[in-house]
Structures are given as C-alpha cells and as structure tokens.
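As provided, target.csv (CSV, C-alpha atoms) reads as follows.
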chain,number,residue,atom,x,y,z
A,1,MET,CA,0.0,0.0,0.0
A,2,SER,CA,1.3,3.5,-0.9
A,3,THR,CA,2.3,5.8,1.9
A,4,TYR,CA,2.1,9.6,2.0
A,5,GLU,CA,5.9,9.7,1.6
A,6,ASN,CA,5.8,7.5,-1.5
A,7,LEU,CA,3.0,9.6,-3.1
A,8,HIS,CA,4.4,13.1,-2.2
A,9,GLY,CA,8.2,12.5,-1.7
A,10,ARG,CA,8.2,13.6,1.9
A,11,ARG,CA,6.8,12.6,5.3
A,12,VAL,CA,4.0,14.2,7.1
A,13,ASN,CA,5.3,17.1,9.2
A,14,VAL,CA,4.8,17.0,13.0
A,15,VAL,CA,3.9,20.5,14.3
A,16,SER,CA,2.6,21.9,17.6
A,17,SER,CA,0.1,24.2,15.8
A,18,ASN,CA,-1.6,24.4,12.5
A,19,PRO,CA,0.4,26.3,9.8
A,20,SER,CA,-0.8,29.9,9.3
A,21,ASN,CA,-0.6,29.7,5.5
A,22,PRO,CA,-0.8,26.1,4.3
A,23,LYS,CA,-0.9,25.0,0.6
A,24,GLU,CA,-3.8,23.2,-0.9
A,25,GLY,CA,-3.4,19.5,-0.3
A,26,GLU,CA,-0.9,19.9,2.5
A,27,VAL,CA,-1.1,17.4,5.4
A,28,TRP,CA,0.4,17.6,8.9
A,29,TYR,CA,0.2,16.1,12.3
A,30,ASN,CA,-0.8,18.5,15.1
A,31,SER,CA,1.0,17.1,18.2
A,32,THR,CA,-0.8,19.4,20.6
A,33,LEU,CA,-4.2,18.2,19.4
A,34,GLY,CA,-3.1,14.7,18.6
A,35,LEU,CA,-4.8,14.9,15.2
A,36,LEU,CA,-3.9,14.5,11.6
A,37,LYS,CA,-4.8,17.7,9.7
A,38,GLY,CA,-5.0,18.7,6.1
A,39,TYR,CA,-5.8,21.8,4.0
A,40,VAL,CA,-8.3,20.1,1.7
A,41,LEU,CA,-11.7,20.7,0.0
A,42,ALA,CA,-14.5,20.9,2.6
A,43,PRO,CA,-18.0,20.1,1.5
A,44,ALA,CA,-20.8,22.7,1.2
A,45,THR,CA,-22.9,23.1,4.3
A,46,MET,CA,-26.3,24.3,5.5
A,47,SER,CA,-26.7,25.6,9.0
A,48,ALA,CA,-29.5,27.1,11.1
A,49,GLY,CA,-29.5,30.8,11.7
A,50,ASP,CA,-31.5,32.9,14.0
A,51,THR,CA,-35.3,33.0,14.0
A,52,VAL,CA,-37.0,35.9,12.2
A,53,SER,CA,-39.3,37.9,14.5
A,54,THR,CA,-42.1,38.4,11.9
A,55,ALA,CA,-42.7,35.4,9.7
A,56,ARG,CA,-43.8,36.5,6.2
A,57,THR,CA,-43.9,35.8,2.5
A,58,GLN,CA,-43.5,37.8,-0.7
A,59,LEU,CA,-41.2,40.2,1.1
A,60,GLY,CA,-38.2,42.4,0.2
A,61,GLY,CA,-34.7,41.6,1.1
A,62,CYS,CA,-31.1,42.4,0.2
A,63,GLY,CA,-27.6,42.5,1.5
A,64,ALA,CA,-24.0,42.1,0.2
A,65,ALA,CA,-23.0,39.4,2.8
A,66,GLN,CA,-24.4,36.6,4.8
A,67,THR,CA,-23.5,38.5,7.9
A,68,SER,CA,-25.2,41.8,6.8
A,69,GLY,CA,-28.7,41.6,5.4
A,70,VAL,CA,-32.1,43.3,5.8
A,71,ILE,CA,-35.7,42.1,5.1
A,72,PHE,CA,-38.8,44.3,4.9
A,73,GLY,CA,-42.4,44.4,4.0
A,74,GLY,CA,-44.4,41.3,2.9
A,75,GLU,CA,-47.5,39.4,4.0
A,76,ALA,CA,-47.5,38.3,7.6
A,77,PRO,CA,-50.4,37.4,6.7
A,78,SER,CA,-51.6,41.1,6.8
A,79,LEU,CA,-49.4,43.5,4.9
A,80,THR,CA,-46.5,44.9,6.9
A,81,GLY,CA,-43.8,47.5,6.7
A,82,ALA,CA,-41.7,45.8,9.4
A,83,THR,CA,-37.9,45.8,8.8
A,84,GLU,CA,-35.4,43.4,10.4
A,85,GLU,CA,-31.6,43.3,10.1
A,86,TYR,CA,-29.3,40.3,10.3
A,87,ASP,CA,-25.7,40.3,11.5
A,88,GLY,CA,-25.0,36.6,10.9
A,89,THR,CA,-26.0,35.7,14.4
A,90,SER,CA,-29.3,37.4,15.3
A,91,TRP,CA,-32.2,39.4,13.8
A,92,THR,CA,-33.0,42.9,15.3
A,93,GLY,CA,-35.7,45.3,14.4
A,94,GLY,CA,-35.0,48.2,12.0
A,95,GLY,CA,-36.9,51.3,11.0
A,96,THR,CA,-40.5,50.6,9.8
A,97,CYS,CA,-41.3,51.6,6.2
A,98,PRO,CA,-44.2,54.0,5.8
A,99,ALA,CA,-45.7,51.7,3.2
A,100,THR,CA,-47.2,48.2,3.8
A,101,LYS,CA,-46.7,46.2,0.7
A,102,SER,CA,-45.5,42.9,-0.7
A,103,ASP,CA,-43.9,41.7,-4.0
A,104,MET,CA,-41.8,44.9,-4.2
A,105,HIS,CA,-38.5,45.6,-5.9
A,106,SER,CA,-35.6,45.2,-3.5
A,107,SER,CA,-31.9,45.8,-4.0
A,108,GLY,CA,-28.9,47.2,-2.3
A,109,THR,CA,-27.3,46.6,1.1
A,110,GLN,CA,-28.3,46.6,4.8
A,111,THR,CA,-27.4,50.2,5.1
A,112,ALA,CA,-28.4,51.4,1.7
A,113,ALA,CA,-31.5,49.4,0.5
A,114,LEU,CA,-34.1,50.3,-2.2
A,115,TRP,CA,-37.8,49.4,-2.1
A,116,GLY,CA,-39.9,50.0,-5.3
A,117,GLY,CA,-43.5,49.4,-6.1
A,118,GLY,CA,-45.3,46.4,-4.7
A,119,SER,CA,-48.8,45.1,-4.0
A,120,PRO,CA,-51.3,46.6,-3.7
A,121,THR,CA,-50.1,48.1,-7.0
A,122,SER,CA,-47.9,51.1,-6.5
A,123,SER,CA,-45.2,53.2,-8.1
A,124,ALA,CA,-43.8,54.6,-4.8
A,125,SER,CA,-40.1,54.0,-3.9
A,126,TYR,CA,-38.2,54.3,-0.6
A,127,GLU,CA,-34.6,54.3,0.4
A,128,TYR,CA,-33.2,52.8,3.7
A,129,ASP,CA,-30.1,54.1,5.4
A,130,GLY,CA,-29.7,51.4,8.0
A,131,SER,CA,-32.1,53.1,10.4
A,132,SER,CA,-35.0,54.7,8.6
A,133,TRP,CA,-36.9,54.8,5.3
A,134,THR,CA,-37.3,57.9,3.1
A,135,GLY,CA,-39.5,58.4,0.1
A,136,THR,CA,-37.7,58.9,-3.2
A,137,GLY,CA,-38.6,59.1,-7.0
A,138,ALA,CA,-41.5,57.1,-8.2
A,139,MET,CA,-41.2,54.3,-10.7
A,140,PRO,CA,-42.3,55.0,-14.3
A,141,PHE,CA,-45.4,52.8,-13.8
A,142,SER,CA,-47.5,51.3,-11.1
A,143,ASN,CA,-46.6,47.6,-10.6
A,144,ARG,CA,-46.5,44.6,-8.4
A,145,ASP,CA,-45.0,41.1,-8.5
A,146,CYS,CA,-41.6,42.7,-9.3
A,147,PHE,CA,-39.5,41.1,-6.6
A,148,GLY,CA,-38.1,38.5,-9.0
A,149,GLY,CA,-36.6,41.1,-11.3
A,150,SER,CA,-34.6,43.1,-8.8
A,151,ALA,CA,-30.8,43.7,-9.3
A,152,GLY,CA,-28.1,46.2,-8.4
A,153,ILE,CA,-27.5,48.7,-5.6
A,154,GLN,CA,-29.4,51.7,-4.2
A,155,THR,CA,-27.6,54.1,-6.5
A,156,ALA,CA,-27.6,51.8,-9.6
A,157,ALA,CA,-30.6,49.5,-9.6
A,158,LEU,CA,-32.3,47.5,-12.4
A,159,GLN,CA,-35.9,46.3,-12.4
A,160,VAL,CA,-37.0,43.7,-15.0
A,161,GLY,CA,-40.7,43.2,-15.7
A,162,GLY,CA,-43.4,42.8,-13.1
A,163,PHE,CA,-47.1,43.0,-13.3
A,164,ILE,CA,-47.9,46.4,-14.8
A,165,SER,CA,-51.3,47.7,-13.8
A,166,PRO,CA,-53.6,47.5,-15.7
A,167,GLY,CA,-52.3,44.6,-17.8
A,168,ASN,CA,-50.3,41.5,-17.5
A,169,TYR,CA,-46.8,40.4,-16.7
A,170,SER,CA,-44.5,42.8,-18.5
A,171,THR,CA,-41.2,42.7,-20.4
A,172,VAL,CA,-40.4,46.4,-19.6
A,173,MET,CA,-37.1,47.3,-17.9
A,174,CYS,CA,-36.1,50.4,-15.9
A,175,THR,CA,-33.2,51.7,-14.0
A,176,TYR,CA,-32.7,53.8,-10.8
A,177,ASP,CA,-29.7,56.2,-10.3
A,178,GLY,CA,-30.1,57.1,-6.7
A,179,SER,CA,-32.8,59.7,-7.2
A,180,SER,CA,-35.0,58.8,-10.2
A,181,TRP,CA,-36.3,55.8,-12.2
A,182,THR,CA,-36.0,55.8,-16.0
A,183,ASN,CA,-37.5,53.4,-18.6
A,184,ILE,CA,-34.9,51.9,-20.9
A,185,PRO,CA,-35.7,50.7,-24.5
A,186,GLN,CA,-34.5,47.1,-24.0
A,187,THR,CA,-37.0,44.5,-22.9
A,188,PHE,CA,-36.9,41.0,-21.3
A,189,PRO,CA,-37.5,38.2,-23.8
A,190,SER,CA,-40.6,36.7,-22.1
A,191,GLY,CA,-43.2,38.7,-20.1
A,192,PRO,CA,-45.0,35.7,-18.5
A,193,ARG,CA,-41.8,34.6,-16.7
A,194,THR,CA,-41.3,38.0,-15.0
A,195,GLY,CA,-43.8,37.3,-12.2
A,196,ASN,CA,-41.8,34.6,-10.5
A,197,PHE,CA,-38.4,34.2,-11.9
A,198,SER,CA,-35.3,34.9,-9.8
A,199,THR,CA,-32.6,37.5,-10.6
A,200,THR,CA,-29.2,38.4,-9.2
A,201,GLY,CA,-26.3,40.7,-10.2
A,202,ILE,CA,-25.8,44.4,-10.9
A,203,GLN,CA,-27.5,46.9,-13.1
A,204,THR,CA,-25.3,46.2,-16.1
A,205,ALA,CA,-24.8,42.4,-15.6
A,206,CYS,CA,-27.4,40.1,-14.1
A,207,LEU,CA,-28.7,36.6,-14.4
A,208,SER,CA,-32.5,35.8,-14.5
A,209,VAL,CA,-33.6,32.2,-14.2
A,210,GLY,CA,-36.7,30.0,-13.9
A,211,GLY,CA,-40.2,31.4,-13.7
A,212,GLY,CA,-43.6,30.5,-15.2
A,213,PRO,CA,-46.2,30.4,-16.4
A,214,GLY,CA,-47.4,27.0,-15.3
A,215,THR,CA,-44.7,24.4,-14.7
A,216,PRO,CA,-41.5,26.1,-13.3
A,217,GLN,CA,-39.1,26.6,-16.2
A,218,THR,CA,-35.4,25.8,-16.6
A,219,VAL,CA,-34.6,28.9,-18.7
A,220,SER,CA,-31.5,30.9,-17.7
A,221,SER,CA,-30.8,34.3,-19.3
A,222,GLU,CA,-27.9,36.8,-18.9
A,223,TRP,CA,-28.1,40.6,-19.2
A,224,ASN,CA,-24.9,42.5,-20.2
A,225,GLY,CA,-26.3,46.0,-20.0
A,226,SER,CA,-27.6,46.2,-23.5
A,227,ALA,CA,-29.0,42.7,-24.5
A,228,TRP,CA,-30.2,39.4,-23.1
A,229,THR,CA,-28.5,36.1,-24.0
A,230,THR,CA,-29.8,32.6,-23.3
A,231,THR,CA,-27.3,30.6,-21.2
A,232,ASN,CA,-27.3,26.9,-20.3
A,233,ALA,CA,-30.4,25.8,-18.5
A,234,LEU,CA,-31.1,25.0,-14.9
A,235,VAL,CA,-30.9,21.4,-14.0
A,236,THR,CA,-34.4,21.5,-12.6
A,237,GLY,CA,-37.2,24.0,-13.3
A,238,ASN,CA,-37.7,26.5,-10.6
A,239,ASN,CA,-39.5,29.7,-9.6
A,240,SER,CA,-39.8,32.2,-6.7
A,241,ALA,CA,-36.4,31.2,-5.3
A,242,VAL,CA,-33.7,33.2,-3.6
A,243,HIS,CA,-30.9,33.9,-6.1
A,244,LYS,CA,-27.6,35.3,-4.9
A,245,GLY,CA,-24.3,36.0,-6.7
A,246,THR,CA,-23.1,37.3,-10.0
A,247,VAL,CA,-23.3,36.4,-13.7
A,248,SER,CA,-20.1,34.3,-13.2
A,249,SER,CA,-21.0,32.5,-9.9
A,250,SER,CA,-24.4,32.3,-8.2
A,251,VAL,CA,-26.6,30.1,-6.0
A,252,LEU,CA,-30.3,29.4,-6.2
A,253,LEU,CA,-32.0,28.5,-2.9
A,254,GLY,CA,-35.4,26.9,-2.6
A,255,GLY,CA,-38.4,27.7,-4.8
A,256,PRO,CA,-41.1,25.3,-6.0
A,257,PRO,CA,-39.7,22.6,-8.3
A,258,PRO,CA,-41.7,21.1,-11.3
A,259,SER,CA,-43.0,18.4,-9.0
A,260,GLY,CA,-44.8,21.0,-6.9
A,261,GLY,CA,-44.7,21.8,-3.2
A,262,TYR,CA,-42.1,23.9,-1.5
A,263,GLY,CA,-38.6,23.3,-2.8
A,264,SER,CA,-35.6,22.6,-0.6
A,265,GLY,CA,-33.2,22.1,-3.5
A,266,ILE,CA,-30.1,24.1,-4.2
A,267,GLN,CA,-28.5,24.8,-7.6
A,268,THR,CA,-25.2,26.5,-8.3
A,269,TRP,CA,-23.9,28.4,-11.4
A,270,ASP,CA,-20.2,28.5,-12.4
A,271,GLY,CA,-20.6,31.0,-15.2
A,272,THR,CA,-21.2,28.2,-17.8
A,273,ASN,CA,-23.3,25.4,-16.3
A,274,TRP,CA,-25.8,24.9,-13.5
A,275,SER,CA,-25.3,22.0,-11.1
A,276,THR,CA,-27.4,20.4,-8.3
A,277,SER,CA,-25.8,20.8,-4.9
A,278,PRO,CA,-25.6,17.6,-2.8
A,279,ILE,CA,-27.1,19.5,0.2
A,280,SER,CA,-30.5,21.0,0.6
A,281,LEU,CA,-32.6,23.3,2.8
A,282,SER,CA,-34.1,21.8,6.0
A,283,THR,CA,-37.3,23.7,5.3
A,284,GLY,CA,-38.6,23.9,1.7
A,285,ARG,CA,-39.9,27.3,0.9
A,286,SER,CA,-40.6,29.9,-1.8
A,287,GLN,CA,-41.1,33.7,-2.0
A,288,ALA,CA,-38.5,34.1,0.7
A,289,ALA,CA,-35.7,36.7,1.1
A,290,GLY,CA,-32.0,36.4,1.3
A,291,ALA,CA,-28.6,38.1,1.2
A,292,GLY,CA,-25.0,37.2,0.5
A,293,THR,CA,-22.9,35.8,-2.3
A,294,ALA,CA,-22.6,32.6,-4.4
A,295,THR,CA,-20.4,31.1,-1.7
A,296,SER,CA,-22.0,32.4,1.5
A,297,ALA,CA,-25.7,33.3,1.7
A,298,TYR,CA,-28.8,33.0,3.8
A,299,ILE,CA,-32.5,32.4,3.0
A,300,ALA,CA,-35.0,33.7,5.5
A,301,THR,CA,-38.8,33.3,6.2
A,302,GLY,CA,-41.1,32.7,3.1
A,303,THR,CA,-43.9,30.3,2.4
A,304,GLY,CA,-43.3,26.8,3.7
A,305,PRO,CA,-45.0,23.4,3.8
A,306,GLY,CA,-48.8,23.6,4.0
A,307,GLY,CA,-48.7,27.3,2.9
A,308,THR,CA,-47.6,28.5,6.3
A,309,TYR,CA,-45.1,31.2,6.8
A,310,THR,CA,-41.8,30.0,8.3
A,311,ASN,CA,-39.7,32.2,10.5
A,312,SER,CA,-36.5,30.1,10.1
A,313,THR,CA,-33.2,31.3,8.6
A,314,GLU,CA,-30.8,28.9,6.9
A,315,GLU,CA,-27.2,29.7,6.0
A,316,PHE,CA,-25.5,28.3,2.9
A,317,ASP,CA,-21.7,28.0,2.7
A,318,ALA,CA,-20.2,26.5,-0.6
A,319,ALA,CA,-17.5,23.9,-0.8
A,320,ALA,CA,-14.2,25.5,-0.1
A,321,VAL,CA,-10.6,24.6,0.7
A,322,ALA,CA,-10.1,24.6,4.5
A,323,THR,CA,-8.2,23.0,7.4
A,324,LYS,CA,-9.9,19.7,8.3
A,325,THR,CA,-9.2,16.8,10.6
A,326,LEU,CA,-8.4,13.7,8.6
A,327,THR,CA,-9.5,10.2,9.5
A,328,THR,CA,-9.2,6.8,8.0
A,329,SER,CA,-13.0,6.3,7.9

Could I get this file's structure written as structure tokens?
Amino acid sequence: MSTYENLHGRRVNVVSSNPSNPKEGEVWYNSTLGLLKGYVLAPATMSAGDTVSTARTQLGGCGAAQTSGVIFGGEAPSLTGATEEYDGTSWTGGGTCPATKSDMHSSGTQTAALWGGGSPTSSASYEYDGSSWTGTGAMPFSNRDCFGGSAGIQTAALQVGGFISPGNYSTVMCTYDGSSWTNIPQTFPSGPRTGNFSTTGIQTACLSVGGGPGTPQTVSSEWNGSAWTTTNALVTGNNSAVHKGTVSSSVLLGGPPPSGGYGSGIQTWDGTNWSTSPISLSTGRSQAAGAGTATSAYIATGTGPGGTYTNSTEEFDAAAVATKTLTTS
C-alpha cells in the first residue's frame, strides 16, 4: 500500500500548531491536538440561523453578505412595513417603512437598500439608510410582482418586468440612479416569466432564471447592460427562489420545483453550467428573502409546507478549501 511519503516524496510534518498559510493538499500532524490535519476541500454546508421575528412571505430583502442583510415588507399574513436586520448571528428590528406592501423591488445593502412598487399596486419607492426609510422618486409605472426582477444597488438598480397595472406580466425594464427611475428601451425576452423568476447581479450584468407560467421553467438568461443572451439551462425547473451572486457565480436556494410543493433544493452556477448541490434546505420554501454571495448566503422566512409562513433562517456555505481533521474512515 502506498504511503504519503511514497506519493508526495516527503513525510507528514509533525507540528505543535496548524500552519498559518498552508498550501492546498498539504497534510500535517498536530501534536498538541493529537490529530492529523489537512488543507483540503471541505463540502458545502447548510446551518441554522436565528429566528425571524415576523414570519412573512413575498417580502423584500437584500444584503451584500451573509452577515449583513435586511428584510422588509411582505405578508404576515396582513401586509406589513416591518424591517429586520441580520448580522450573521441574530435578527434585530429596524426602521418601519411607511408603506405596507408585498412583492416589491428590493436591491442594495443593509445600510443602503431600495424598495420600489409592490402590492397593492404602487409606483412609490423608498430608500433605507440602516435606520429609517425615506420616500424617493416614483417608478415610471404602477406595478406589483416585481420582486423576481430586482438587481443592483441603491444608486444603480435595475428592475426587470413585473405586473404592470392595468395589464399582465410585462417585459419592460427600468433603472434607478439614486434619485429617479428611467425606462430603458430594452426588454426582457418573455413577459409571463417575470412574475416569479429569480434575478441576481448588478444593473449592467445580471442573471435571471426559472419562472412560469405553469410548470416552473429551466430557462436561464444573462443581461450584459444592452442585451439578453440565453445561457445553459437550470438542472431542474424553478420559480420564486432566492438567487444570490453574479453572472459568473451564483446560488439558487429553494423555490417550487416542477413536482410541486415547496422546494428545498439548491442549484449552483459557475458561469457556464448549472449543477445540483448535494445538500438541501431543512425547510422547503418559496417567496423568501436572502442576502450574500454565491459562496456564502442565507435564506429567511417565506412560504413553507402547508402554505404556512416559516420564521426560520438557513445559512449556505459553498464547498471551499479549509483546514480539516483527517481520518481513515
């Protein structure tokens, strides 16, 4: 049987503490701990986060990191303007929005968030500064069901589609520059999908996936600031999921699959292909909120099994190279 020395040309080093800057694949024996350690690929994980105070669905949410997010509005089951902030450990109350809506545009960060439109149908927009909400320029049209088309930050946001009143699910697109909204001439390829697809990215580079009508679709489309391009499809059709990341790397959490119910599946995007993650959510859900990146994100509240509103938070961490204890099992 081959030994580590035969394979790598050297013996395992014996050290009293873990090296501060190990190389990928490096193995050592920590004599203080009495454990064999290695700097190797650790699997993706899901872990429980703190409980949301107000369980709700069809809410707004954003944040640049798993440890810095904000949720607002939604149905609880009555419409609410409640705001809560997450620091990676616990949820705390934030400033209440003057509007009580659901299905709104939501983009930005915990200390610079944007709320636009929502249900009941509205064109009103609000900005959040980490403590309070302030009214800002109205959207070009009254709309609802626009949460799935939100991308960008408070000073450079993009809204794709939504249900324009009166009418149907729309292909229109508009941008926000920190003070006013402007229609742009480009349109999304398919209006019916814009009610429950899932978008992530920035104003000039975003990825929209899934949606309807009917059976959740596998379509994946990339926006480059001037045009849409169809990319490789989702592994499994999906809608109303939490989508976090960029056009080159993202994660899709939950959302109803084609088989129905409330999805617990996770799909990841590497810039070329979608893959199914070997892990899943503990609580299947849709129309939830989230924050973070492709490698570190959370999903909070939303509609769960039986149509009830869950108040749980789950944290996703992608597979990554890390120091691990090695065993022979």

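In this comparison, which uses all atoms listed in the file, the residue of A:Ala322, A:Val52, A:Ile279, A:Val27 approaching A:Thr310 most closely is A:Val52.
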
Set the distance at 8 Å and use only C-alpha atoms: which residues neighbour A:Leu252 once local chain neighbours fewer than 3 positions away are removed? I'd like the list as a list of chain:residue names.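 My list of contacting residues is A:Ala241, A:Val242, A:His243, A:Lys244, A:Ile266, A:Gln267, A:Thr268.
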
Distance query A:Glu24 at most 9 Å, all atoms listed in the file, self and fewer than 5 positions along chain excluded, as a list in words: Gly38, Tyr39, Val40, Leu41, Val321 and Ala322 of chain A

So that I can check the surroundings of A:Met173, please list as a JSON list (two decimals) with C-alpha atoms, in the coordinates of the input every protein, DNA and RNA residue that reaches within 9 Å of it, counting all atoms listed in the file and ignoring chain neighbours fewer than 2 positions away.
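Writing the result to out-v6.json gives the following:
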[["chain", "number", "residue", "atom", "x", "y", "z"],
["A", 158, "LEU", "CA", -32.30, 47.50, -12.40],
["A", 159, "GLN", "CA", -35.90, 46.30, -12.40],
["A", 160, "VAL", "CA", -37.00, 43.70, -15.00],
["A", 161, "GLY", "CA", -40.70, 43.20, -15.70],
["A", 170, "SER", "CA", -44.50, 42.80, -18.50],
["A", 171, "THR", "CA", -41.20, 42.70, -20.40],
["A", 175, "THR", "CA", -33.20, 51.70, -14.00],
["A", 182, "THR", "CA", -36.00, 55.80, -16.00],
["A", 183, "ASN", "CA", -37.50, 53.40, -18.60],
["A", 184, "ILE", "CA", -34.90, 51.90, -20.90],
["A", 185, "PRO", "CA", -35.70, 50.70, -24.50],
["A", 186, "GLN", "CA", -34.50, 47.10, -24.00],
["A", 187, "THR", "CA", -37.00, 44.50, -22.90],
["A", 188, "PHE", "CA", -36.90, 41.00, -21.30]]

Nearest to A:Ala82 among A:Ser102, A:Thr111, A:Ser248, A:Thr67, with distances taken over all atoms listed in the file: which residue is it? A:Ser102

Residues proximal to (-31.0, 41.6, -17.2) were defined as those with any atom within 12 Å of that point in the file's coordinates, counting all atoms listed in the file. Which are they, as number ranges by chain? A: 148-152, 157-161, 171-175, 184, 186-190, 194, 197-209, 220-230, 246-247

To one decimal place, how far is atom CA of A:Thr276 from atom CA of A:Glu314 in Å? 17.7 Å

So what do you get for atom CA of A:Ala156 versus atom CA of A:Pro192, distance-wise?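 Separation between atom CA of A:Ala156 and atom CA of A:Pro192: 25.3 Å.
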
Have a look at A:Gly255, A:Pro120, A:Pro77, A:Gly130 and name the one nearest to A:Phe163; count all atoms listed in the file.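 Answer, going by the shortest atom-to-atom distance: A:Pro120.
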
For A:Ser259, which of A:Gly271, A:Gly245, A:Glu85, A:Gly214 is the closest residue, counting all atoms listed in the file? A:Gly214

I'd like the neighbourhood of A:Pro256 as a PyMOL selection string, where a residue qualifies if any of its atoms comes within 8 Å (using all atoms listed in the file), though same-chain residues fewer than 5 positions away should be ignored. chain A and resi 216+238-241+261-263+285-286

Computed interatomic separation between atom CA of A:Gly237 and atom CA of A:Ser275 (Å):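 Separating atom CA of A:Gly237 from atom CA of A:Ser275 is a distance of 12.3 Å.
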
Within 6 Å of A:Asp103, counting all atoms listed in the file, which residues qualify if same-chain residues fewer than 3 places away don't, as a list in words?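 The neighbour list is Gln58, Leu59, Gly118, Ser119, Arg144, Asp145, Cys146 and Phe147 of chain A.
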
For the point (-8.7, 26.8, 11.9) in the file's frame, write as a list in words all residues with an atom no more than 10 Å away, counting all atoms listed in the file.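 Collected hits near the coordinates: Ser17, Asn18, Pro19, Ser20, Tyr39, Ala322, Thr323 and Lys324 of chain A.
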
From the set A:Leu79, A:Ala112, A:Val15, A:Ile299, which residue has the shortest atom-to-atom contact distance to A:Ser264, counting all atoms listed in the file? A:Ile299

Start from the incomplete input, build N, CA, C and O atoms for stretch 167-179 of chain A, and deliver everything as a compact mmCIF listing (two decimals), keeping the file's coordinate frame.
# COMPACT_ATOMS: atom_id res chain seq x y z
N GLY A 167 -52.98 45.43 -16.77
CA GLY A 167 -52.30 44.60 -17.80
C GLY A 167 -51.92 43.28 -17.33
O GLY A 167 -52.61 42.65 -16.52
N ASN A 168 -50.77 42.81 -17.81
CA ASN A 168 -50.30 41.50 -17.50
C ASN A 168 -48.79 41.55 -17.15
O ASN A 168 -48.21 42.63 -17.10
N TYR A 169 -48.19 40.40 -16.94
CA TYR A 169 -46.80 40.40 -16.70
C TYR A 169 -46.02 40.99 -17.85
O TYR A 169 -46.28 40.69 -19.00
N SER A 170 -45.09 41.87 -17.54
CA SER A 170 -44.50 42.80 -18.50
C SER A 170 -43.07 42.39 -18.87
O SER A 170 -42.37 41.71 -18.11
N THR A 171 -42.61 42.88 -20.02
CA THR A 171 -41.20 42.70 -20.40
C THR A 171 -40.42 44.02 -20.26
O THR A 171 -39.24 44.07 -20.59
N VAL A 172 -41.05 45.07 -19.74
CA VAL A 172 -40.40 46.40 -19.60
C VAL A 172 -39.24 46.33 -18.62
O VAL A 172 -39.23 45.52 -17.68
N MET A 173 -38.28 47.23 -18.79
CA MET A 173 -37.10 47.30 -17.90
C MET A 173 -36.90 48.80 -17.54
O MET A 173 -37.12 49.68 -18.38
N CYS A 174 -36.46 49.06 -16.31
CA CYS A 174 -36.10 50.40 -15.90
C CYS A 174 -34.97 50.43 -14.94
O CYS A 174 -34.66 49.41 -14.32
N THR A 175 -34.32 51.58 -14.83
CA THR A 175 -33.20 51.70 -14.00
C THR A 175 -33.38 52.83 -12.95
O THR A 175 -34.17 53.74 -13.16
N TYR A 176 -32.62 52.76 -11.85
CA TYR A 176 -32.70 53.80 -10.80
C TYR A 176 -31.24 54.27 -10.56
O TYR A 176 -30.30 53.47 -10.47
N ASP A 177 -31.05 55.59 -10.46
CA ASP A 177 -29.70 56.20 -10.30
C ASP A 177 -29.42 56.78 -8.97
O ASP A 177 -28.44 57.50 -8.80
N GLY A 178 -30.27 56.50 -8.00
CA GLY A 178 -30.10 57.10 -6.70
C GLY A 178 -31.07 58.20 -6.40
O GLY A 178 -31.19 58.64 -5.24
N SER A 179 -31.79 58.65 -7.43
CA SER A 179 -32.80 59.70 -7.20
C SER A 179 -34.03 59.50 -8.07
O SER A 179 -35.13 59.88 -7.67
